[in-house]
file input32.pdb (PDB, C-alpha atoms and all ligand atoms)
ATOM      1  CA  MET A   1      81.473 109.306 125.183  1.00  0.00           C
ATOM      2  CA  ARG A   2      84.538 107.608 126.591  1.00  0.00           C
ATOM      3  CA  ASP A   3      86.902 106.190 123.975  1.00  0.00           C
ATOM      4  CA  GLN A   4      87.694 102.535 123.745  1.00  0.00           C
ATOM      5  CA  LYS A   5      91.006 101.604 125.379  1.00  0.00           C
ATOM      6  CA  LEU A   6      93.081  99.795 122.749  1.00  0.00           C
ATOM      7  CA  ALA A   7      93.968  96.143 123.234  1.00  0.00           C
ATOM      8  CA  ALA A   8      97.690  95.351 123.553  1.00  0.00           C
ATOM      9  CA  GLU A   9      97.874  93.940 120.020  1.00  0.00           C
ATOM     10  CA  ASN A  10      96.339  97.116 118.566  1.00  0.00           C
ATOM     11  CA  VAL A  11      98.781  99.223 120.549  1.00  0.00           C
ATOM     12  CA  ARG A  12     101.669  97.164 119.159  1.00  0.00           C
ATOM     13  CA  GLU A  13     100.356  97.598 115.630  1.00  0.00           C
ATOM     14  CA  ARG A  14      99.924 101.359 116.024  1.00  0.00           C
ATOM     15  CA  MET A  15     103.395 101.783 117.520  1.00  0.00           C
ATOM     16  CA  GLY A  16     104.603 100.922 114.015  1.00  0.00           C
ATOM     17  CA  THR A  17     103.176 104.251 112.803  1.00  0.00           C
ATOM     18  CA  LEU A  18     104.979 106.276 115.515  1.00  0.00           C
ATOM     19  CA  THR A  19     108.547 105.071 115.206  1.00  0.00           C
ATOM     20  CA  GLU A  20     110.074 107.853 117.329  1.00  0.00           C
ATOM     21  CA  TRP A  21     107.795 107.114 120.293  1.00  0.00           C
ATOM     22  CA  GLU A  22     108.253 104.567 123.038  1.00  0.00           C
ATOM     23  CA  LEU A  23     105.657 102.646 124.945  1.00  0.00           C
ATOM     24  CA  SER A  24     105.758 102.877 128.735  1.00  0.00           C
ATOM     25  CA  ASP A  25     106.506  99.691 130.668  1.00  0.00           C
ATOM     26  CA  ASP A  26     102.905  99.483 131.873  1.00  0.00           C
ATOM     27  CA  GLY A  27     101.616  99.970 128.305  1.00  0.00           C
ATOM     28  CA  LEU A  28      99.374 102.847 129.377  1.00  0.00           C
ATOM     29  CA  SER A  29     101.161 105.744 127.679  1.00  0.00           C
ATOM     30  CA  ILE A  30     103.571 106.683 124.918  1.00  0.00           C
ATOM     31  CA  ARG A  31     106.375 109.194 125.080  1.00  0.00           C
ATOM     32  CA  ARG A  32     108.727 111.080 122.828  1.00  0.00           C
ATOM     33  CA  ASP A  33     111.493 113.633 123.463  1.00  0.00           C
ATOM     34  CA  PHE A  34     111.590 116.449 120.931  1.00  0.00           C
ATOM     35  CA  ALA A  35     114.622 118.729 120.511  1.00  0.00           C
ATOM     36  CA  PHE A  36     114.574 122.000 118.579  1.00  0.00           C
ATOM     37  CA  ARG A  37     117.105 124.649 117.613  1.00  0.00           C
ATOM     38  CA  ASP A  38     116.224 126.942 120.501  1.00  0.00           C
ATOM     39  CA  PHE A  39     113.493 127.890 122.954  1.00  0.00           C
ATOM     40  CA  ALA A  40     111.533 129.913 120.372  1.00  0.00           C
ATOM     41  CA  GLU A  41     111.236 126.828 118.145  1.00  0.00           C
ATOM     42  CA  ALA A  42     110.283 124.607 121.082  1.00  0.00           C
ATOM     43  CA  PHE A  43     107.657 127.022 122.277  1.00  0.00           C
ATOM     44  CA  GLY A  44     106.358 127.548 118.731  1.00  0.00           C
ATOM     45  CA  PHE A  45     105.962 123.777 118.490  1.00  0.00           C
ATOM     46  CA  MET A  46     104.024 123.728 121.754  1.00  0.00           C
ATOM     47  CA  ALA A  47     101.791 126.582 120.612  1.00  0.00           C
ATOM     48  CA  GLU A  48     100.942 124.785 117.362  1.00  0.00           C
ATOM     49  CA  CYS A  49     100.312 121.524 119.220  1.00  0.00           C
ATOM     50  CA  ALA A  50      98.074 123.321 121.721  1.00  0.00           C
ATOM     51  CA  VAL A  51      95.784 124.466 118.904  1.00  0.00           C
ATOM     52  CA  VAL A  52      95.551 120.917 117.542  1.00  0.00           C
ATOM     53  CA  ALA A  53      95.031 119.490 121.046  1.00  0.00           C
ATOM     54  CA  GLU A  54      92.104 121.837 121.596  1.00  0.00           C
ATOM     55  CA  LYS A  55      90.617 120.894 118.229  1.00  0.00           C
ATOM     56  CA  LEU A  56      90.928 117.176 119.041  1.00  0.00           C
ATOM     57  CA  ASN A  57      89.909 117.770 122.672  1.00  0.00           C
ATOM     58  CA  HIS A  58      92.897 115.674 123.624  1.00  0.00           C
ATOM     59  CA  HIS A  59      95.727 117.169 125.619  1.00  0.00           C
ATOM     60  CA  PRO A  60      99.358 116.194 126.100  1.00  0.00           C
ATOM     61  CA  GLU A  61     101.294 115.902 129.324  1.00  0.00           C
ATOM     62  CA  TRP A  62     104.532 117.672 128.563  1.00  0.00           C
ATOM     63  CA  PHE A  63     107.609 119.172 130.092  1.00  0.00           C
ATOM     64  CA  ASN A  64     109.749 121.868 128.521  1.00  0.00           C
ATOM     65  CA  VAL A  65     113.261 122.931 129.351  1.00  0.00           C
ATOM     66  CA  TYR A  66     114.868 125.415 126.949  1.00  0.00           C
ATOM     67  CA  ARG A  67     114.878 123.701 123.521  1.00  0.00           C
ATOM     68  CA  ARG A  68     113.576 120.304 124.612  1.00  0.00           C
ATOM     69  CA  VAL A  69     109.997 119.104 125.008  1.00  0.00           C
ATOM     70  CA  GLU A  70     109.191 115.753 126.604  1.00  0.00           C
ATOM     71  CA  VAL A  71     105.731 114.539 125.711  1.00  0.00           C
ATOM     72  CA  CYS A  72     103.623 111.825 127.300  1.00  0.00           C
ATOM     73  CA  LEU A  73     100.287 110.831 125.780  1.00  0.00           C
ATOM     74  CA  THR A  74      97.556 108.828 127.430  1.00  0.00           C
ATOM     75  CA  THR A  75      93.778 109.007 127.620  1.00  0.00           C
ATOM     76  CA  HIS A  76      92.878 109.826 131.206  1.00  0.00           C
ATOM     77  CA  ASP A  77      89.161 109.198 130.710  1.00  0.00           C
ATOM     78  CA  SER A  78      89.868 105.650 129.483  1.00  0.00           C
ATOM     79  CA  GLY A  79      92.765 104.765 131.771  1.00  0.00           C
ATOM     80  CA  GLY A  80      95.171 103.968 128.950  1.00  0.00           C
ATOM     81  CA  LEU A  81      95.898 104.335 125.260  1.00  0.00           C
ATOM     82  CA  THR A  82      93.223 105.074 122.698  1.00  0.00           C
ATOM     83  CA  ALA A  83      93.230 106.014 119.012  1.00  0.00           C
ATOM     84  CA  ARG A  84      93.277 109.664 120.126  1.00  0.00           C
ATOM     85  CA  ASP A  85      96.778 109.291 121.528  1.00  0.00           C
ATOM     86  CA  PHE A  86      98.086 107.970 118.251  1.00  0.00           C
ATOM     87  CA  ASP A  87      96.250 110.671 116.260  1.00  0.00           C
ATOM     88  CA  LEU A  88      97.717 113.411 118.440  1.00  0.00           C
ATOM     89  CA  GLY A  89     101.167 111.790 118.362  1.00  0.00           C
ATOM     90  CA  LEU A  90     101.143 111.745 114.572  1.00  0.00           C
ATOM     91  CA  ALA A  91      99.991 115.372 114.455  1.00  0.00           C
ATOM     92  CA  MET A  92     102.850 116.334 116.812  1.00  0.00           C
ATOM     93  CA  ASP A  93     105.357 114.446 114.655  1.00  0.00           C
ATOM     94  CA  ARG A  94     104.183 116.378 111.598  1.00  0.00           C
ATOM     95  CA  ILE A  95     104.357 119.731 113.368  1.00  0.00           C
ATOM     96  CA  ALA A  96     107.872 118.955 114.645  1.00  0.00           C
ATOM     97  CA  ALA A  97     109.051 117.801 111.217  1.00  0.00           C
ATOM     98  CA  ARG A  98     108.476 121.337 109.890  1.00  0.00           C
ATOM     99  CA  ARG A  99     110.547 122.830 112.726  1.00  0.00           C
ATOM    100  CA  VAL A 100     113.477 120.487 113.380  1.00  0.00           C
TER     101      VAL A 100
HETATM  102  C1  LIG A 201      85.854 116.759 129.442  1.00  0.00           C
HETATM  103  C2  LIG A 201      86.930 116.592 128.418  1.00  0.00           C
HETATM  104  O1  LIG A 201      86.384 116.309 127.175  1.00  0.00           O
HETATM  105  C3  LIG A 201      87.863 115.466 128.782  1.00  0.00           C
HETATM  106  O2  LIG A 201      88.309 115.621 130.113  1.00  0.00           O
HETATM  107  C4  LIG A 201      89.050 115.290 127.827  1.00  0.00           C
HETATM  108  C5  LIG A 201      89.953 116.504 127.701  1.00  0.00           C
HETATM  109  N1  LIG A 201      91.299 116.154 127.251  1.00  0.00           N
HETATM  110  C6  LIG A 201      91.828 114.961 127.492  1.00  0.00           C
HETATM  111  N2  LIG A 201      93.106 114.688 127.209  1.00  0.00           N
HETATM  112  C7  LIG A 201      93.658 113.521 127.491  1.00  0.00           C
HETATM  113  N3  LIG A 201      94.935 113.294 127.214  1.00  0.00           N
HETATM  114  N4  LIG A 201      92.930 112.551 128.047  1.00  0.00           N
HETATM  115  C8  LIG A 201      91.640 112.692 128.347  1.00  0.00           C
HETATM  116  O3  LIG A 201      91.014 111.767 128.851  1.00  0.00           O
HETATM  117  C9  LIG A 201      91.034 113.928 128.033  1.00  0.00           C
HETATM  118  N5  LIG A 201      89.755 114.133 128.270  1.00  0.00           N
END
call {"tool": "encode", "arguments": {"input": "input32.pdb", "output": "structure tokens", "more": "lines below"}}
Ligand SMILES: C[C@H](O)[C@H](O)[C@H]1CNC2=NC(N)=NC(=O)C2=N1
result
Amino acid sequence: MRDQKLAAENVRERMGTLTEWELSDDGLSIRRDFAFRDFAEAFGFMAECAVVAEKLNHHPEWFNVYRRVEVCLTTHDSGGLTARDFDLGLAMDRIAARRV
């Protein structure tokens, strides 16, 4: 079943739990830039996140160059932000915190 797109006030409230992330101007996605020691750490992060993403059936848009990973989260099926984006964002924060 398609997830409920969050209302702007709920998005604002949930942004308080993801302090390193920024909301896009159109309010339809959130993004964070991660930086690691080297490529191995960045790719290890992506590998761990991929396992979680599969488990949650929610997948990031991301871009990797060397030790940096830019992540954008949105729920394509709902055309905007849902609780899944914030759950995955928090999971990614926790994975990164063990690697940075
Ligand atoms: C069929 C499958 O469950 C859906 O396409 C899932 C897969 N992963 C997804 N990931 C993201 N980010 N948004 C989605 O809407 C989405 N939908």
call {"tool": "atom_distance", "arguments": {"input": "input32.pdb", "atom1": "atom CA of Asp33 of chain A", "atom2": "atom O1 of ligand LIG 201 (chain A)"}}
result
25.5 Å
call {"tool": "resolve_selection", "arguments": {"input": "input32.pdb", "expression": "the PyMOL selection byres (((chain A and resi 58-74) around 8) and not hetatm)", "output": "PyMOL selection string"}}
result
chain A and resi 28-42+50+53-57+75-76+79-82+84-85+88-89
call {"tool": "resolve_selection", "arguments": {"input": "input32.pdb", "expression": "the PyMOL selection byres (((chain A and resi 12) around 12) and not hetatm)", "output": "ChimeraX atom specification"}}
result
/A:6-11,13-19,21-24,27-28,30,81,86
call {"tool": "axis_aligned_box", "arguments": {"input": "input32.pdb", "around": "segment 40-46 of chain A", "padding_each_side": "4 Å", "output": "AutoDock Vina command-line options"}}
result
--center_x 107.8 --center_y 126.8 --center_z 120.2 --size_x 15.5 --size_y 14.2 --size_z 12.1
call {"tool": "resolve_selection", "arguments": {"input": "input32.pdb", "expression": "the PyMOL selection byres (((chain A and resi 92-96) around 8) and not hetatm)", "output": "ChimeraX atom specification"}}
result
/A:34,45,48-49,88-91,97-100
call {"tool": "closest_residue", "arguments": {"input": "input32.pdb", "among": "A:Asp87, A:Asp25, A:Asp77, A:Glu20", "to": "ligand LIG 201 (chain A)", "atoms": "all atoms listed in the file"}}
result
A:Asp77
call {"tool": "atom_distance", "arguments": {"input": "input32.pdb", "atom1": "atom C8 of ligand LIG 201 (chain A)", "atom2": "atom CA of Phe43 of chain A"}}
result
22.3 Å
call {"tool": "atom_distance", "arguments": {"input": "input32.pdb", "atom1": "atom CA of Met46 of chain A", "atom2": "atom CA of Gln4 of chain A"}}
result
26.8 Å
